[in-house]
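Below: one structure, written as structure tokens.
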Amino acid sequence: MGPAERRAARGMPVPGIGADLSGGPASGTLALLAAGLPGMPGTVLGHGTGAGERLLAVTFNDLAVGGQEPELARAGALAANPRLHHVVVTGGEEMLPYAALDGPLTDEPGSSLVAAARHRARLAAGSADHFTGYGARQVLDAHPARLADLLMDRKRRHLVRPVAALAKADGSVLVPGRVYAAARRLARTPYRSGLEVLAERLLRRRFDTPGDGAMDASLAALTWAGAGPAARWLTGEALAEVSVRLQTSSQRSGVGPGQRPGDFRARSALARQAAEVRVLEQAAEIRFQRLHTPFLDNQVVRACRALPEALRVRPGARAAILRTVLEGAGVSELPPGWGAPTQALAASAARTGLRVSADSLLGLFDRPLLAEAGLVEARV
């Protein structure tokens with residue numbers, strides 16, 4: 001066995017610099033920027049052997065889920081750069097979400113636990129210093145609640161583009177009126193009143209069931225706070241306790257009337273994503289590998305917060321911003337379709353994993369610990 005085989009047998013990553021390359025704008029931008037770091041191609045100055053190593057770009061190809069062909073084609077086109085060495089990691093049904101739930105224990109729960117094996121297989125093919133694109137959506141995209149911030153600043157004309165995009169996606173002429181009314185209502189609702197309304201709804205078990213469309217998701221986000229899908233599982237005692245805690249927090253919270261709802265919701269979404277990344281690092285940890293999330297770096301977050309809201313709410317703003325960043329770094333040629341959304345592929349993989357692992361998942365609910373603790377209804 002040579003050094004590479006011994007390293008692989010010990011489960012150690014390849015030395016040097018690597019990055020995810022999913023075909024999306026965030027990972028593609030980081031891979032191209034990292035490949036142009038000072039020193040030899042793909043290596044930071046002072047690291048590596050100095051023999052002209054290339055940046056290791058890792059793409060995960062899910063063989064059990066279809067529809068990835070355009071994304072893989074974009075990743076392959078980006079990897080044609082001579083500074084990149086492209087590695088495609090394939091996975092079948094054994095790598096689907098929910099297929100393997102016996103991973104390591106983490107400090108707190110997170111949605112990445114159901115796909116820890118999937119992430120671990122991808123990261124195992126990476127380098128000792130591996131860049132990931134987590135957090136780009138939260139720091140660059142505009143939260144729908146920012147529409148209320150624009151109304152508070154009397155910038156109604158900037159609502160035209162995002163509302164028109166929602167109307168086109170939903171195919172209904174009623175979208176502009178409903179979105180504008182919801183944004184105006186949020187702009188006029190203080191934070192304390194928003195929490196008190198939510199506490200009252202939880203106490204009376206009044207849950208709204210949002211649809212699957214972009215407009216329904218935007219309308220649900222145009223509030224100070226909302227009940228998640230698991231709220232309808234909770235017992236009456238648990239809901240009453242949550243309602244009391246909400247009322248108490250609204251009375252002692254430091255969020256005053258000057259806090260804007262869009263900025264508040266965007267900060268909350270960024271904090272949740274950062275917590276998810278912490279769980280992911282623990283669940284999919286590879287020995288001697290350091291994961292880097294540049295979009296969650298403090299300086300990057302501050303720079304993104306300095307972007308005007310009128311720019312952030314435009315459809316496709318994240319891809320346009322990252323394209324400008326790459327042009328400033330000397331990268332002008334990008335594959336067709338670069339910047340297309342990729343969230344639908346993750347949702348499709350989750351649904352497929354649920355169908356494949358349905359029997360083993362149902363076994364988890366034979367004796368639900370949360371029901372024994374009186375937090376959720378066992379029959380639900």
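Letters A, B, ... go to the chains of the structure tokens in the order shown; residues in each chain start at 1; ligands are counted from 1 in the same order.
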
Within 10 Å of stretch 116-119 of chain A, which residues of stretch 236-350 of chain A come that close, and what is the closest atom pair and distance in Å for each? Count only C-alpha atoms and give it as JSON lines.
{"residue": "A:Val279", "atom": "CA", "partner": "A:Ala116", "partner_atom": "CA", "distance": 9.6}
{"residue": "A:Leu280", "atom": "CA", "partner": "A:Ala116", "partner_atom": "CA", "distance": 7.1}
{"residue": "A:Glu281", "atom": "CA", "partner": "A:Ala116", "partner_atom": "CA", "distance": 9.4}
{"residue": "A:Gln282", "atom": "CA", "partner": "A:Ala116", "partner_atom": "CA", "distance": 9.3}
{"residue": "A:Ala283", "atom": "CA", "partner": "A:Ala116", "partner_atom": "CA", "distance": 5.8}
{"residue": "A:Ala284", "atom": "CA", "partner": "A:Ala116", "partner_atom": "CA", "distance": 5.5}
{"residue": "A:Glu285", "atom": "CA", "partner": "A:His119", "partner_atom": "CA", "distance": 9.2}

Please, could you write that set of residues out with all heavy atoms as a PDB file, in the first residue's frame?
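And here's part35.pdb as it stands now:
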ATOM      1  N   VAL A 279     -24.298  21.414  13.806  1.00  0.00           N
ATOM      2  CA  VAL A 279     -24.736  20.023  13.934  1.00  0.00           C
ATOM      3  C   VAL A 279     -24.150  19.171  12.819  1.00  0.00           C
ATOM      4  O   VAL A 279     -23.701  18.032  13.040  1.00  0.00           O
ATOM      5  CB  VAL A 279     -26.280  19.956  13.927  1.00  0.00           C
ATOM      6  CG1 VAL A 279     -26.754  18.512  13.944  1.00  0.00           C
ATOM      7  CG2 VAL A 279     -26.846  20.707  15.119  1.00  0.00           C
ATOM      8  N   LEU A 280     -24.131  19.712  11.596  1.00  0.00           N
ATOM      9  CA  LEU A 280     -23.579  18.971  10.461  1.00  0.00           C
ATOM     10  C   LEU A 280     -22.105  18.658  10.670  1.00  0.00           C
ATOM     11  O   LEU A 280     -21.647  17.548  10.365  1.00  0.00           O
ATOM     12  CB  LEU A 280     -23.776  19.782   9.180  1.00  0.00           C
ATOM     13  CG  LEU A 280     -23.084  19.254   7.926  1.00  0.00           C
ATOM     14  CD1 LEU A 280     -23.639  17.890   7.542  1.00  0.00           C
ATOM     15  CD2 LEU A 280     -23.230  20.226   6.770  1.00  0.00           C
ATOM     16  N   GLU A 281     -21.343  19.603  11.194  1.00  0.00           N
ATOM     17  CA  GLU A 281     -19.914  19.371  11.417  1.00  0.00           C
ATOM     18  C   GLU A 281     -19.698  18.234  12.407  1.00  0.00           C
ATOM     19  O   GLU A 281     -18.731  17.467  12.269  1.00  0.00           O
ATOM     20  CB  GLU A 281     -19.264  20.655  11.930  1.00  0.00           C
ATOM     21  CG  GLU A 281     -19.136  21.741  10.879  1.00  0.00           C
ATOM     22  CD  GLU A 281     -18.511  23.001  11.446  1.00  0.00           C
ATOM     23  OE1 GLU A 281     -18.458  23.130  12.693  1.00  0.00           O
ATOM     24  OE2 GLU A 281     -18.073  23.866  10.663  1.00  0.00           O
ATOM     25  N   GLN A 282     -20.572  18.118  13.397  1.00  0.00           N
ATOM     26  CA  GLN A 282     -20.430  17.034  14.370  1.00  0.00           C
ATOM     27  C   GLN A 282     -20.928  15.703  13.809  1.00  0.00           C
ATOM     28  O   GLN A 282     -20.333  14.651  14.060  1.00  0.00           O
ATOM     29  CB  GLN A 282     -21.205  17.377  15.640  1.00  0.00           C
ATOM     30  CG  GLN A 282     -20.685  18.612  16.359  1.00  0.00           C
ATOM     31  CD  GLN A 282     -21.562  18.993  17.529  1.00  0.00           C
ATOM     32  OE1 GLN A 282     -22.388  18.211  17.978  1.00  0.00           O
ATOM     33  NE2 GLN A 282     -21.394  20.202  18.029  1.00  0.00           N
ATOM     34  N   ALA A 283     -22.017  15.735  13.049  1.00  0.00           N
ATOM     35  CA  ALA A 283     -22.620  14.492  12.560  1.00  0.00           C
ATOM     36  C   ALA A 283     -21.805  13.858  11.436  1.00  0.00           C
ATOM     37  O   ALA A 283     -21.786  12.627  11.301  1.00  0.00           O
ATOM     38  CB  ALA A 283     -24.048  14.759  12.087  1.00  0.00           C
ATOM     39  N   ALA A 284     -21.153  14.674  10.619  1.00  0.00           N
ATOM     40  CA  ALA A 284     -20.413  14.154   9.463  1.00  0.00           C
ATOM     41  C   ALA A 284     -18.917  14.400   9.590  1.00  0.00           C
ATOM     42  O   ALA A 284     -18.221  14.562   8.592  1.00  0.00           O
ATOM     43  CB  ALA A 284     -20.948  14.793   8.185  1.00  0.00           C
ATOM     44  N   GLU A 285     -18.426  14.414  10.808  1.00  0.00           N
ATOM     45  CA  GLU A 285     -17.025  14.760  11.051  1.00  0.00           C
ATOM     46  C   GLU A 285     -16.076  13.722  10.457  1.00  0.00           C
ATOM     47  O   GLU A 285     -16.272  12.513  10.605  1.00  0.00           O
ATOM     48  CB  GLU A 285     -16.775  14.895  12.549  1.00  0.00           C
ATOM     49  CG  GLU A 285     -15.368  15.323  12.901  1.00  0.00           C
ATOM     50  CD  GLU A 285     -15.170  15.448  14.396  1.00  0.00           C
ATOM     51  OE1 GLU A 285     -16.050  15.001  15.154  1.00  0.00           O
ATOM     52  OE2 GLU A 285     -14.135  15.990  14.818  1.00  0.00           O
TER      53      GLU A 285
END

What's the 10 Å shell around A:Val160, counting only C-alpha atoms, without same-chain residues fewer than 5 positions away, as a PyMOL selection string?
-> chain A and resi 165+176+180+313-314

With only C-alpha atoms as the basis for distance, which of A:Val244, A:Leu370, A:Ala319, A:Met12 is at the shortest distance from A:Gly339?
->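 Answer, going by the shortest atom-to-atom distance: A:Ala319.
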
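The interatomic distance for the pair atom CA of A:Arg205 and atom CA of A:Ala221 works out to 19.2 Å.
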
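Between atom CA of A:Ala347 and atom CA of A:Leu21 lies a distance of 18.8 Å.
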
Step one, run DSSP on the backbone; step two, keep only residues of stretch 213-316 of chain A assigned to strand (DSSP E or B); then write them as a list in words.
-> Leu234, Arg290, Leu291 and His292 of chain A

Given only C-alpha atoms, how would the per-residue table for stretch 69-115 of chain A near stretch 354-369 of chain A read, listing every residue at most 8 Å away with its closest atom pair and distance in Å to one decimal, sorted by chain and number, as JSON lines?
{"residue": "A:Glu93", "atom": "CA", "partner": "A:Val356", "partner_atom": "CA", "distance": 7.7}
{"residue": "A:Pro97", "atom": "CA", "partner": "A:Leu354", "partner_atom": "CA", "distance": 7.3}
{"residue": "A:Tyr98", "atom": "CA", "partner": "A:Ser357", "partner_atom": "CA", "distance": 6.4}
{"residue": "A:Ala99", "atom": "CA", "partner": "A:Ser357", "partner_atom": "CA", "distance": 5.9}

Find the spatial neighbours of A:Ala73, counting only C-alpha atoms, within a cut-off of 9 Å - ignore same-chain residues fewer than 4 positions away - and output them as an MDAnalysis selection string.
-> chainID A and resid 23 68:69 77:78 335

Residues at most 12 Å from A:Ala75, counting only C-alpha atoms, excluding those fewer than 6 positions away in the same chain, as an mmCIF file with all heavy atoms, in the first residue's frame?
data_model
loop_
_atom_site.group_PDB
_atom_site.id
_atom_site.type_symbol
_atom_site.label_atom_id
_atom_site.label_comp_id
_atom_site.auth_asym_id
_atom_site.auth_seq_id
_atom_site.Cartn_x
_atom_site.Cartn_y
_atom_site.Cartn_z
ATOM 1 N N ALA A 19 -13.023 21.840 -2.193
ATOM 2 C CA ALA A 19 -14.275 22.587 -2.110
ATOM 3 C C ALA A 19 -15.400 21.747 -2.688
ATOM 4 O O ALA A 19 -15.179 20.879 -3.553
ATOM 5 C CB ALA A 19 -14.177 23.913 -2.866
ATOM 6 N N ASP A 20 -16.605 22.000 -2.198
ATOM 7 C CA ASP A 20 -17.789 21.411 -2.819
ATOM 8 C C ASP A 20 -18.005 22.052 -4.182
ATOM 9 O O ASP A 20 -17.703 23.229 -4.389
ATOM 10 C CB ASP A 20 -19.031 21.652 -1.952
ATOM 11 C CG ASP A 20 -19.043 20.778 -0.706
ATOM 12 O OD1 ASP A 20 -18.293 19.776 -0.685
ATOM 13 O OD2 ASP A 20 -19.788 21.092 0.233
ATOM 14 N N LEU A 21 -18.561 21.279 -5.092
ATOM 15 C CA LEU A 21 -18.916 21.799 -6.418
ATOM 16 C C LEU A 21 -20.215 21.128 -6.836
ATOM 17 O O LEU A 21 -20.227 20.140 -7.560
ATOM 18 C CB LEU A 21 -17.801 21.529 -7.427
ATOM 19 C CG LEU A 21 -18.001 22.147 -8.812
ATOM 20 C CD1 LEU A 21 -18.077 23.660 -8.714
ATOM 21 C CD2 LEU A 21 -16.888 21.741 -9.757
ATOM 22 N N SER A 22 -21.323 21.677 -6.357
ATOM 23 C CA SER A 22 -22.618 21.075 -6.627
ATOM 24 C C SER A 22 -23.215 21.524 -7.945
ATOM 25 O O SER A 22 -24.198 20.953 -8.408
ATOM 26 C CB SER A 22 -23.594 21.437 -5.499
ATOM 27 O OG SER A 22 -23.851 22.823 -5.487
ATOM 28 N N GLY A 23 -22.666 22.560 -8.554
ATOM 29 C CA GLY A 23 -23.264 23.144 -9.741
ATOM 30 C C GLY A 23 -24.081 24.370 -9.432
ATOM 31 O O GLY A 23 -24.490 25.091 -10.343
ATOM 32 N N GLY A 24 -24.345 24.620 -8.141
ATOM 33 C CA GLY A 24 -25.060 25.817 -7.731
ATOM 34 C C GLY A 24 -24.139 27.022 -7.683
ATOM 35 O O GLY A 24 -22.908 26.898 -7.750
ATOM 36 N N PRO A 25 -24.695 28.239 -7.554
ATOM 37 C CA PRO A 25 -23.853 29.437 -7.592
ATOM 38 C C PRO A 25 -22.938 29.579 -6.390
ATOM 39 O O PRO A 25 -21.808 30.067 -6.531
ATOM 40 C CB PRO A 25 -24.875 30.583 -7.654
ATOM 41 C CG PRO A 25 -26.139 30.011 -7.092
ATOM 42 C CD PRO A 25 -26.129 28.556 -7.442
ATOM 43 N N ALA A 26 -23.379 29.170 -5.193
ATOM 44 C CA ALA A 26 -22.569 29.385 -3.994
ATOM 45 C C ALA A 26 -21.308 28.527 -4.013
ATOM 46 O O ALA A 26 -20.184 29.034 -3.889
ATOM 47 C CB ALA A 26 -23.393 29.094 -2.740
ATOM 48 N N SER A 27 -21.480 27.210 -4.165
ATOM 49 C CA SER A 27 -20.304 26.332 -4.165
ATOM 50 C C SER A 27 -19.428 26.584 -5.376
ATOM 51 O O SER A 27 -18.194 26.513 -5.297
ATOM 52 C CB SER A 27 -20.750 24.869 -4.127
ATOM 53 O OG SER A 27 -21.488 24.540 -5.304
ATOM 54 N N GLY A 28 -20.042 26.889 -6.534
ATOM 55 C CA GLY A 28 -19.237 27.176 -7.722
ATOM 56 C C GLY A 28 -18.368 28.408 -7.547
ATOM 57 O O GLY A 28 -17.207 28.425 -7.955
ATOM 58 N N THR A 29 -18.928 29.446 -6.912
ATOM 59 C CA THR A 29 -18.149 30.661 -6.676
ATOM 60 C C THR A 29 -16.968 30.385 -5.756
ATOM 61 O O THR A 29 -15.837 30.818 -6.022
ATOM 62 C CB THR A 29 -19.051 31.749 -6.062
ATOM 63 O OG1 THR A 29 -20.100 32.053 -6.974
ATOM 64 C CG2 THR A 29 -18.260 33.005 -5.762
ATOM 65 N N ALA A 31 -15.442 27.513 -5.183
ATOM 66 C CA ALA A 31 -14.448 26.649 -5.827
ATOM 67 C C ALA A 31 -13.570 27.440 -6.788
ATOM 68 O O ALA A 31 -12.343 27.283 -6.811
ATOM 69 C CB ALA A 31 -15.159 25.516 -6.564
ATOM 70 N N LEU A 32 -14.184 28.329 -7.575
ATOM 71 C CA LEU A 32 -13.400 29.101 -8.531
ATOM 72 C C LEU A 32 -12.508 30.124 -7.824
ATOM 73 O O LEU A 32 -11.374 30.365 -8.251
ATOM 74 C CB LEU A 32 -14.340 29.813 -9.507
ATOM 75 C CG LEU A 32 -15.095 28.886 -10.467
ATOM 76 C CD1 LEU A 32 -16.106 29.677 -11.282
ATOM 77 C CD2 LEU A 32 -14.140 28.142 -11.382
ATOM 78 N N ALA A 57 -12.218 19.478 -6.296
ATOM 79 C CA ALA A 57 -13.632 19.853 -6.320
ATOM 80 C C ALA A 57 -14.474 18.583 -6.268
ATOM 81 O O ALA A 57 -14.304 17.684 -7.104
ATOM 82 C CB ALA A 57 -13.958 20.647 -7.579
ATOM 83 N N VAL A 58 -15.374 18.482 -5.275
ATOM 84 C CA VAL A 58 -16.145 17.269 -5.028
ATOM 85 C C VAL A 58 -17.615 17.510 -5.374
ATOM 86 O O VAL A 58 -18.216 18.482 -4.897
ATOM 87 C CB VAL A 58 -16.018 16.811 -3.561
ATOM 88 C CG1 VAL A 58 -16.792 15.519 -3.339
ATOM 89 C CG2 VAL A 58 -14.547 16.629 -3.197
ATOM 90 N N THR A 59 -18.175 16.632 -6.181
ATOM 91 C CA THR A 59 -19.593 16.682 -6.559
ATOM 92 C C THR A 59 -20.260 15.383 -6.157
ATOM 93 O O THR A 59 -19.712 14.300 -6.405
ATOM 94 C CB THR A 59 -19.754 16.898 -8.075
ATOM 95 O OG1 THR A 59 -19.123 18.116 -8.446
ATOM 96 C CG2 THR A 59 -21.221 16.958 -8.463
ATOM 97 N N PHE A 60 -21.426 15.474 -5.543
ATOM 98 C CA PHE A 60 -22.167 14.276 -5.145
ATOM 99 C C PHE A 60 -23.243 14.003 -6.190
ATOM 100 O O PHE A 60 -24.064 14.867 -6.501
ATOM 101 C CB PHE A 60 -22.813 14.467 -3.771
ATOM 102 C CG PHE A 60 -23.505 13.231 -3.253
ATOM 103 C CD1 PHE A 60 -22.783 12.225 -2.636
ATOM 104 C CD2 PHE A 60 -24.867 13.072 -3.393
ATOM 105 C CE1 PHE A 60 -23.400 11.085 -2.169
ATOM 106 C CE2 PHE A 60 -25.503 11.938 -2.936
ATOM 107 C CZ PHE A 60 -24.765 10.941 -2.320
ATOM 108 N N ASN A 61 -23.245 12.791 -6.709
ATOM 109 C CA ASN A 61 -24.220 12.362 -7.715
ATOM 110 C C ASN A 61 -25.130 11.312 -7.096
ATOM 111 O O ASN A 61 -24.684 10.212 -6.782
ATOM 112 C CB ASN A 61 -23.500 11.799 -8.945
ATOM 113 C CG ASN A 61 -24.469 11.373 -10.032
ATOM 114 O OD1 ASN A 61 -25.655 11.740 -10.004
ATOM 115 N ND2 ASN A 61 -24.006 10.590 -10.986
ATOM 116 N N GLN A 68 -30.947 15.423 -11.796
ATOM 117 C CA GLN A 68 -29.701 16.115 -11.461
ATOM 118 C C GLN A 68 -28.833 16.405 -12.677
ATOM 119 O O GLN A 68 -27.768 16.999 -12.524
ATOM 120 C CB GLN A 68 -28.883 15.281 -10.471
ATOM 121 C CG GLN A 68 -29.368 15.335 -9.042
ATOM 122 C CD GLN A 68 -28.379 14.652 -8.115
ATOM 123 O OE1 GLN A 68 -28.110 13.465 -8.231
ATOM 124 N NE2 GLN A 68 -27.829 15.416 -7.186
ATOM 125 N N GLU A 69 -29.274 15.991 -13.851
ATOM 126 C CA GLU A 69 -28.415 16.112 -15.022
ATOM 127 C C GLU A 69 -27.969 17.542 -15.308
ATOM 128 O O GLU A 69 -26.769 17.787 -15.552
ATOM 129 C CB GLU A 69 -29.128 15.516 -16.245
ATOM 130 C CG GLU A 69 -29.302 14.002 -16.205
ATOM 131 C CD GLU A 69 -30.446 13.587 -15.284
ATOM 132 O OE1 GLU A 69 -31.227 14.474 -14.886
ATOM 133 O OE2 GLU A 69 -30.552 12.388 -14.970
ATOM 134 N N ASN A 81 -12.004 23.894 -15.672
ATOM 135 C CA ASN A 81 -10.910 24.807 -15.372
ATOM 136 C C ASN A 81 -9.648 24.003 -15.046
ATOM 137 O O ASN A 81 -9.691 23.067 -14.254
ATOM 138 C CB ASN A 81 -11.313 25.682 -14.164
ATOM 139 C CG ASN A 81 -10.332 26.806 -13.896
ATOM 140 O OD1 ASN A 81 -9.128 26.609 -13.885
ATOM 141 N ND2 ASN A 81 -10.864 27.990 -13.660
ATOM 142 N N LEU A 84 -8.697 22.997 -11.429
ATOM 143 C CA LEU A 84 -9.576 22.137 -10.640
ATOM 144 C C LEU A 84 -9.357 20.677 -10.996
ATOM 145 O O LEU A 84 -9.156 20.330 -12.166
ATOM 146 C CB LEU A 84 -11.042 22.502 -10.864
ATOM 147 C CG LEU A 84 -11.499 23.900 -10.446
ATOM 148 C CD1 LEU A 84 -12.972 24.091 -10.783
ATOM 149 C CD2 LEU A 84 -11.278 24.119 -8.972
ATOM 150 N N HIS A 85 -9.401 19.840 -9.978
ATOM 151 C CA HIS A 85 -9.407 18.386 -10.157
ATOM 152 C C HIS A 85 -10.765 17.894 -9.669
ATOM 153 O O HIS A 85 -11.079 17.975 -8.482
ATOM 154 C CB HIS A 85 -8.276 17.723 -9.375
ATOM 155 C CG HIS A 85 -8.353 16.227 -9.380
ATOM 156 N ND1 HIS A 85 -8.315 15.480 -10.538
ATOM 157 C CD2 HIS A 85 -8.492 15.328 -8.364
ATOM 158 C CE1 HIS A 85 -8.415 14.193 -10.233
ATOM 159 N NE2 HIS A 85 -8.528 14.083 -8.933
ATOM 160 N N HIS A 86 -11.601 17.396 -10.583
ATOM 161 C CA HIS A 86 -12.988 17.073 -10.290
ATOM 162 C C HIS A 86 -13.126 15.620 -9.846
ATOM 163 O O HIS A 86 -12.629 14.699 -10.502
ATOM 164 C CB HIS A 86 -13.845 17.313 -11.535
ATOM 165 C CG HIS A 86 -15.313 17.396 -11.243
ATOM 166 N ND1 HIS A 86 -16.288 17.155 -12.186
ATOM 167 C CD2 HIS A 86 -15.967 17.690 -10.088
ATOM 168 C CE1 HIS A 86 -17.473 17.316 -11.636
ATOM 169 N NE2 HIS A 86 -17.312 17.629 -10.367
ATOM 170 N N VAL A 87 -13.806 15.420 -8.717
ATOM 171 C CA VAL A 87 -14.103 14.080 -8.203
ATOM 172 C C VAL A 87 -15.607 13.980 -8.005
ATOM 173 O O VAL A 87 -16.200 14.818 -7.317
ATOM 174 C CB VAL A 87 -13.368 13.804 -6.878
ATOM 175 C CG1 VAL A 87 -13.810 12.475 -6.292
ATOM 176 C CG2 VAL A 87 -11.868 13.802 -7.098
ATOM 177 N N VAL A 88 -16.226 12.965 -8.603
ATOM 178 C CA VAL A 88 -17.672 12.747 -8.477
ATOM 179 C C VAL A 88 -17.896 11.561 -7.550
ATOM 180 O O VAL A 88 -17.417 10.455 -7.819
ATOM 181 C CB VAL A 88 -18.323 12.491 -9.852
ATOM 182 C CG1 VAL A 88 -19.826 12.244 -9.690
ATOM 183 C CG2 VAL A 88 -18.087 13.681 -10.782
ATOM 184 N N LEU A 334 -19.191 31.538 -17.570
ATOM 185 C CA LEU A 334 -19.903 30.610 -16.707
ATOM 186 C C LEU A 334 -20.845 29.771 -17.560
ATOM 187 O O LEU A 334 -21.343 30.243 -18.593
ATOM 188 C CB LEU A 334 -20.693 31.370 -15.635
ATOM 189 C CG LEU A 334 -19.844 32.145 -14.619
ATOM 190 C CD1 LEU A 334 -20.721 33.008 -13.730
ATOM 191 C CD2 LEU A 334 -19.008 31.195 -13.775
ATOM 192 N N PRO A 335 -21.106 28.524 -17.162
ATOM 193 C CA PRO A 335 -21.947 27.646 -17.984
ATOM 194 C C PRO A 335 -23.373 28.147 -18.057
ATOM 195 O O PRO A 335 -23.849 28.847 -17.163
ATOM 196 C CB PRO A 335 -21.849 26.291 -17.265
ATOM 197 C CG PRO A 335 -21.477 26.630 -15.861
ATOM 198 C CD PRO A 335 -20.611 27.849 -15.958
ATOM 199 N N PRO A 336 -24.106 27.801 -19.121
ATOM 200 C CA PRO A 336 -25.523 28.196 -19.233
ATOM 201 C C PRO A 336 -26.338 27.635 -18.069
ATOM 202 O O PRO A 336 -26.138 26.498 -17.634
ATOM 203 C CB PRO A 336 -25.958 27.584 -20.575
ATOM 204 C CG PRO A 336 -24.691 27.353 -21.332
ATOM 205 C CD PRO A 336 -23.639 27.057 -20.309
ATOM 206 N N GLY A 337 -27.265 28.427 -17.563
ATOM 207 C CA GLY A 337 -28.096 27.987 -16.447
ATOM 208 C C GLY A 337 -27.461 28.178 -15.092
ATOM 209 O O GLY A 337 -28.054 27.792 -14.080
ATOM 210 N N TRP A 338 -26.265 28.770 -15.055
ATOM 211 C CA TRP A 338 -25.605 28.991 -13.773
ATOM 212 C C TRP A 338 -26.436 29.938 -12.931
ATOM 213 O O TRP A 338 -26.893 30.980 -13.410
ATOM 214 C CB TRP A 338 -24.216 29.575 -14.004
ATOM 215 C CG TRP A 338 -23.383 29.700 -12.767
ATOM 216 C CD1 TRP A 338 -22.583 28.742 -12.230
ATOM 217 C CD2 TRP A 338 -23.255 30.841 -11.911
ATOM 218 N NE1 TRP A 338 -21.976 29.214 -11.091
ATOM 219 C CE2 TRP A 338 -22.364 30.503 -10.868
ATOM 220 C CE3 TRP A 338 -23.806 32.111 -11.924
ATOM 221 C CZ2 TRP A 338 -22.025 31.386 -9.866
ATOM 222 C CZ3 TRP A 338 -23.474 32.994 -10.917
ATOM 223 C CH2 TRP A 338 -22.592 32.628 -9.898
ATOM 224 N N GLY A 339 -26.653 29.584 -11.675
ATOM 225 C CA GLY A 339 -27.487 30.395 -10.799
ATOM 226 C C GLY A 339 -28.900 29.883 -10.650
ATOM 227 O O GLY A 339 -29.699 30.477 -9.916
#

Selection: 8 Å around A:Ala274, only C-alpha atoms, excl. self and same-chain fewer than 4 positions, as a VMD selection string = chain A and resid 135 270 278 296

Write the residues of the selection above to a file with C-alpha atoms, as a short mmCIF file (atom, residue, chain, number, x, y, z; two decimals), in the first residue's frame.
data_model
loop_
_atom_site.label_atom_id
_atom_site.label_comp_id
_atom_site.auth_asym_id
_atom_site.auth_seq_id
_atom_site.Cartn_x
_atom_site.Cartn_y
_atom_site.Cartn_z
CA GLY A 135 -25.12 30.14 4.46
CA LEU A 270 -29.05 33.12 9.58
CA ARG A 278 -22.62 23.18 13.76
CA LEU A 296 -20.85 32.52 7.60
#

Write out as a PyMOL selection string each polymer residue whose atoms come within 12 Å of stretch 216-219 of chain A, counting only C-alpha atoms; drop sequence neighbours fewer than 6 positions from it.
-> chain A and resi 142-148+162-163+165-167+169-170+172+175-186+208-210+225-226

Using the chain letters and numbers from this document, which residues of stretch 57-227 of chain A does DSSP assign to alpha helix (DSSP H), as number ranges by chain?
-> A: 69-78, 116-124, 136-140, 146-152, 160-170, 175-187, 191-203, 214-221

Got a sec: who's within 12 Å of A:Gln251, counting only C-alpha atoms, leaving out chain neighbours fewer than 5 positions off, as a list in words?
->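 Within the cut-off, the hits are Tyr191, Arg192, Ser193, Gly194, Leu195, Glu196, Val244, Arg245, Leu246 and Gly256 of chain A.
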